[in-house]
Protein chains: 4
Amino acid sequence: MPSVIVVGASGYAGALAARILWRHPEFELVAATAREDAGRPLRDLYPHHRVPLALEELDLERAARADAAIVAYPHGSAAGVVAELLARELRVVDLSADFRLRDVGAYERWYVPHPHPHLIAQAVYGLTELYRAQIAQAALVACPGCFPTAAILALAPLAQAGLIADVVIDAKTGVSGMGKQPRDRNHFVTVTENVVPYGVGEHRHMPEIDQELAVLGAPAPVTFTPHLLPLDQGELLSCYVTPTRALEQDELERLYGDRYADEPFVELVATPPGVRDVRETNVCALHVHADARTGKAFVFAAIDNLWKGTSSQAVANLNLMFGFDEGLGLR
Amino acid sequence: MPSVIVVGASGYAGALAARILWRHPEFELVAATAREDAGRPLRDLYPHHRVPLALEELDLERAARADAAIVAYPHGSAAGVVAELLARELRVVDLSADFRLRDVGAYERWYVPHPHPHLIAQAVYGLTELYRAQIAQAALVACPGCFPTAAILALAPLAQAGLIADVVIDAKTGVSGMGKQPRDRNHFVTVTENVVPYGVGEHRHMPEIDQELAVLGAPAPVTFTPHLLPLDQGELLSCYVTPTRALEQDELERLYGDRYADEPFVELVATPPGVRDVRETNVCALHVHADARTGKAFVFAAIDNLWKGTSSQAVANLNLMFGFDEGLGLR
Amino acid sequence: MPSVIVVGASGYAGALAARILWRHPEFELVAATAREDAGRPLRDLYPHHRVPLALEELDLERAARADAAIVAYPHGSAAGVVAELLARELRVVDLSADFRLRDVGAYERWYVPHPHPHLIAQAVYGLTELYRAQIAQAALVACPGCFPTAAILALAPLAQAGLIADVVIDAKTGVSGMGKQPRDRNHFVTVTENVVPYGVGEHRHMPEIDQELAVLGAPAPVTFTPHLLPLDQGELLSCYVTPTRALEQDELERLYGDRYADEPFVELVATPPGVRDVRETNVCALHVHADARTGKAFVFAAIDNLWKGTSSQAVANLNLMFGFDEGLGLR
Amino acid sequence: MPSVIVVGASGYAGALAARILWRHPEFELVAATAREDAGRPLRDLYPHHRVPLALEELDLERAARADAAIVAYPHGSAAGVVAELLARELRVVDLSADFRLRDVGAYERWYVPHPHPHLIAQAVYGLTELYRAQIAQAALVACPGCFPTAAILALAPLAQAGLIADVVIDAKTGVSGMGKQPRDRNHFVTVTENVVPYGVGEHRHMPEIDQELAVLGAPAPVTFTPHLLPLDQGELLSCYVTPTRALEQDELERLYGDRYADEPFVELVATPPGVRDVRETNVCALHVHADARTGKAFVFAAIDNLWKGTSSQAVANLNLMFGFDEGLGLR
């Protein structure tokens, strides 16, 4: 049974990855690391995850004995750990932004100087539905951001068909997407009974969406604005596409139906999805609407930002990297 | 002191209008009517409004002695009452959709057969900031829908300058906008920790937005999709404008600053507003952003759907109709 | 593989029972019935349960072929269906109140005239931790109400030791406990940013708590008041016990530790539990505190009202009735 | 017009006091102070308060020119500022705990060493309904904690009549009661869809409740446990009294009716209040229930913890200190 460590398990993403792996039928979770909380059972921090394993400080020598790692460090500090683990021949799924952008210049404009740019070329972008074959062969998978996951799944069929002339993406997200560190903006009193746009014109998921849509054939840059909502988990993207030619509802449904017919974790739904419909699942629910009034095509995508948007997608990728069924441990 | 009745005061909008009038320094609230709840103090239904007045059934003969009425009936049934009240020489502010659309054909396509089409021409569209002079002279004011109020205020400066080539409006609203009648879709369990698009491609506020934007010079139809959020009051509209020519941040700010410089209830804010910032006020908060990356102009508008979007705007209009300061009783 | 039907699967409790059974490794869910929604896939009503089975009208002849039934009808109407199913030799777990009270007079004072009083004696009260052996042999199990489940688990060790002189139970519950039928009191706008006591002095779970605590040796009646909170699932009971003699923290912890040492679904926790800690689990989390200041013993109990409080406890009981491990399908 | 400063206006309590004073018809708010946020308009921190005044660092020489101050510092650090302001002949309303406990020993057991114990004797406990006459003459008013405000108003009539043998107070509070500083426990994700007891057996409001109930004639100590709820403002106290003799509903209602007949901000209500009923008001709503089943008397009290529980009660007291109507600026 392959052994896995979760590096950085005190945040939401790492803790959830640990929870999924703890109950996984084919992986053994051998360690979960954290700096400040080392020594505490993960269960103390996240009672509902029910993972009794105690957090420990990262020890690279012991880590070297594991087969794989999920790394959940902040951008900038992830790359160093990833390099160490790769050097010790672990297969790595990285949840940070450090290996998502293929253009190191783009990375450095949006983030920080890149400490290990030579590793970027090795990384496979971990959007399971797009890069399944490459992920299976990869030593390093860079898991997509939560917004890009939903955005790219929502737009890929139209992009690949060359049907996107322009697109506006209006995103709504729960608070867990902003991380566990207490701040004014995630204080309950700030968030409840409120909704507010943020990162207007400068959100770091934009270059990532642009990169992948460009690969698929859509024109970049896209318009993308996230909004913070009073909910803990869940992300809804409303995509308003100006198509390159007129589209009927039938054609739109057929396009998406064909593209996603064999995808176990993409669901095409007949009415617009709510984020509760996919809560705590690896599912991306999509609804398409050819708007006769305006000629636009609307695509609504709902995911759980912590699951499909982060940690369950990471485990799905890990499954592929070890030859298991993609959905193992995720249903 | 002019006397006012609120017709249909058991719903959210009528009850709030009654609350505002009950404490208004220059109007006397003489009656609040309701069918099912007649006989009960309004306070029983809405403790926090603290209006001890008992609801009563509508008696047109007694109503005839009042100077004005705010009518808060559903579309279709409002028109009949409005006609009766106008015949008795009351000045009427109607909160329904019955007199908002100038084209009776459009009304009948989106709603029901119009019972009093001859009255449509008399009605002034009650968006205070656009039709202040006409409202002051009107016998009948048709208060805008909550979404059109925010949408038109958000887009009027660009529309009037001929700068809108295309616009996508993504709206987020609290649950009170859907009314007081208990339904599956406003059940707490349905709404909490959820966000869901609704009325996709068919929301009845679309023709109203189109009508007013067309008057201002923008191309119709616009793209408009509302989403239901887990909050009680508040509405945020995110408007993504493709401009007819390049726009800089400075010019955009100047355009809005000039247009709204003298408006007491429009606030231009330096960061994107949250709906809590305008809760229980007659204020529309606007934030503009010229997006260098995409060339689009973003406008974010926040209102309280029950206040500026409905009942406080109704009282502002009533103030104007009786020669009072527009903000009387609203601060 | 034993076959099970869920009778009344359109409400929260029945639908959740169907979801658990749909994925259960040893039961086959062969039908889920509903009146109004017959013909619709259960998934249409509850997308997040992901149960594709179509609801159907109850057909007693076909039902006769099943091995067991979970009945989720309202009190008063459940008893008739239960009688029919028992007559056809199904083993039945009833979620209603119809067979919980052993004294038909008490039932009729708190509910309605009992249509099948002769069946009461056959019923085993389905609080798993108290009546495990009898449940395993029963043809009819009357599942406890959600509040009694938490209250009795919270107080049983003290009651059995004769240590309760008086007890005040203050309960806090999410909205799902009030059912799916839309009403004023479960409208999102009524519930959000609010907390309100209800059923003061008259809640129907009181006689049930009294009955079971009396069996265990505690004096009845108890003081019990529920409060409605802005959350969907979850129930927290704060129990303030005046003990018959002084109690130290050590003794209290030992008492509970001994009583629940072998219970797979009772967790003693070192800090007061929140309802999120047990969300979507069959767990009851308990925290005890001997209050030196006042001499009282506090017990806090958290459950998920729909899971341990209703549907997962029902399946645990069904597991026992068929000789399976109690937790099968519940982890 | 008396001039007032708010010292410590960047937290919830001070900011709200500044908002109320900014619109007060008889006080002039001349300064609002803060350390970290000095220089920023208060409006930047609290847009919905709409107070354009810029925060400034406290300058005692300039402060000396004001007539009064509301001090909103944390316990321990308030006393020093209060002493300085009193020395400069300002009348002071202090929102901290520093002058609430008459017994310096009790203060030091529950809080920290007291820096100015000699001032304690000067302070009047600012529960308006109990100490109105003394407040009017006071130079220093120590505003009660939010829980004591509700608890004492709920229990005073029974306590004064010698009718309390024992009482259990179960309190539910919104998150704003825990302050503005971001922490794990007020992170949105921690709070939403949760309810959790806290400060069990050790909450610092207990000695304050005990002190005042003892003055009124009730036996101390009382049982008091607060619970954190997913709401921003509002506090509900459920008080379960074991009376010294049997009480009927009539007598209970008469007792409370007589005691509070002339109180402008205490409302006796016929059904249990929700916290929304008193949101953003200076009102304490009370409901009494003589429970025939158990012989206990229940009292439910709802307040807004930031208004009546803190800042509006402070302004009511300031009104009294300057000879104004108690409710000036509070309706």
# chains A, B, ... in the order shown; residues from 1 in each chain; ligands from 1
call {"tool": "interface_residues", "arguments": {"of": "chain D", "to": "chain C", "cutoff": "9 Å", "atoms": "only C-alpha atoms", "output": "number ranges by chain"}}
result
D: 168, 170, 172, 174, 190, 192-198, 200-201, 220-223, 225, 229-236, 238, 240, 271-277, 289-294, 296, 298, 300
call {"tool": "residues_around", "arguments": {"residues": "region 26-30 of chain B", "least_positions_apart": "4", "cutoff": "7 Å", "atoms": "only C-alpha atoms", "output": "ChimeraX atom specification"}}
result
/B:1-5,21-22
call {"tool": "write_last_selection", "arguments": {"atoms": "N, CA, C and O atoms", "output": "CSV table (one decimal), in the first residue's frame"}}
result
chain,number,residue,atom,x,y,z
B,1,MET,N,-51.1,68.3,7.8
B,1,MET,CA,-50.2,67.2,7.6
B,1,MET,C,-51.0,66.2,6.7
B,1,MET,O,-52.0,65.7,7.0
B,2,PRO,N,-50.4,65.9,5.5
B,2,PRO,CA,-51.1,65.0,4.6
B,2,PRO,C,-51.2,63.6,5.2
B,2,PRO,O,-50.3,63.1,5.9
B,3,SER,N,-52.4,63.0,4.9
B,3,SER,CA,-52.6,61.7,5.4
B,3,SER,C,-52.4,60.6,4.3
B,3,SER,O,-52.7,60.9,3.2
B,4,VAL,N,-51.8,59.5,4.8
B,4,VAL,CA,-51.4,58.5,3.8
B,4,VAL,C,-51.9,57.1,4.3
B,4,VAL,O,-52.0,56.9,5.5
B,5,ILE,N,-52.3,56.3,3.4
B,5,ILE,CA,-52.7,54.9,3.7
B,5,ILE,C,-51.7,54.0,3.0
B,5,ILE,O,-51.2,54.3,1.9
B,21,LEU,N,-43.5,55.6,7.3
B,21,LEU,CA,-44.5,56.6,7.4
B,21,LEU,C,-44.9,56.9,8.9
B,21,LEU,O,-45.2,58.0,9.3
B,22,TRP,N,-44.9,55.8,9.7
B,22,TRP,CA,-45.4,55.9,11.1
B,22,TRP,C,-44.5,56.9,11.8
B,22,TRP,O,-44.9,57.6,12.8
call {"tool": "residues_around", "arguments": {"residues": "region 41-47 of chain D", "least_positions_apart": "4", "cutoff": "12 Å", "atoms": "only C-alpha atoms", "output": "number ranges by chain"}}
result
A: 184-185, 189-190; B: 267, 269-279, 281, 283, 285; D: 6, 8-19, 22, 31-34, 36-37, 51-56, 180
call {"tool": "residues_around", "arguments": {"residues": "Leu95 (chain C)", "least_positions_apart": "6", "cutoff": "8 Å", "atoms": "only C-alpha atoms", "output": "list in words"}}
result
Ile70, Val71, Ala72, Tyr73, Ala142, Cys143, Pro144, Gly145, Thr310, Ser311 and Ala314 of chain C
call {"tool": "residues_around", "arguments": {"residues": "region 104-108 of chain A", "least_positions_apart": "3", "cutoff": "8 Å", "atoms": "only C-alpha atoms", "output": "list of chain:residue names"}}
result
A:Asp98, A:Leu101, A:Tyr111, A:Val112, A:Pro113, A:His114, A:Pro117, A:Ile120, A:Pro207
call {"tool": "residues_around", "arguments": {"residues": "Ala316 (chain A)", "least_positions_apart": "5", "cutoff": "9 Å", "atoms": "only C-alpha atoms", "output": "JSON list (two decimals) with C-alpha atoms, in the first residue's frame"}}
result
[["chain", "number", "residue", "atom", "x", "y", "z"],
["A", 128, "THR", "CA", -7.98, 15.95, -13.97],
["A", 282, "ASN", "CA", -15.49, 15.89, -6.05],
["A", 311, "SER", "CA", -8.15, 18.54, -1.85],
["A", 321, "MET", "CA", -0.44, 8.69, -10.42],
["A", 324, "PHE", "CA", -5.87, 3.50, -9.10],
["A", 325, "ASP", "CA", -9.38, 4.39, -10.13],
["A", 326, "GLU", "CA", -9.65, 8.16, -10.12],
["A", 327, "GLY", "CA", -12.59, 8.14, -7.71],
["A", 328, "LEU", "CA", -11.13, 5.82, -5.11],
["A", 329, "GLY", "CA", -11.81, 7.14, -1.63],
["A", 330, "LEU", "CA", -13.85, 10.04, -2.99]]
call {"tool": "select_by_dssp", "arguments": {"residues": "region 92-244 of chain A", "states": "strand (DSSP E or B)", "output": "MDAnalysis selection string"}}
result
chainID A and resid 92:94 124:125 140:142 164:173 187 196:197 223:228 235:243
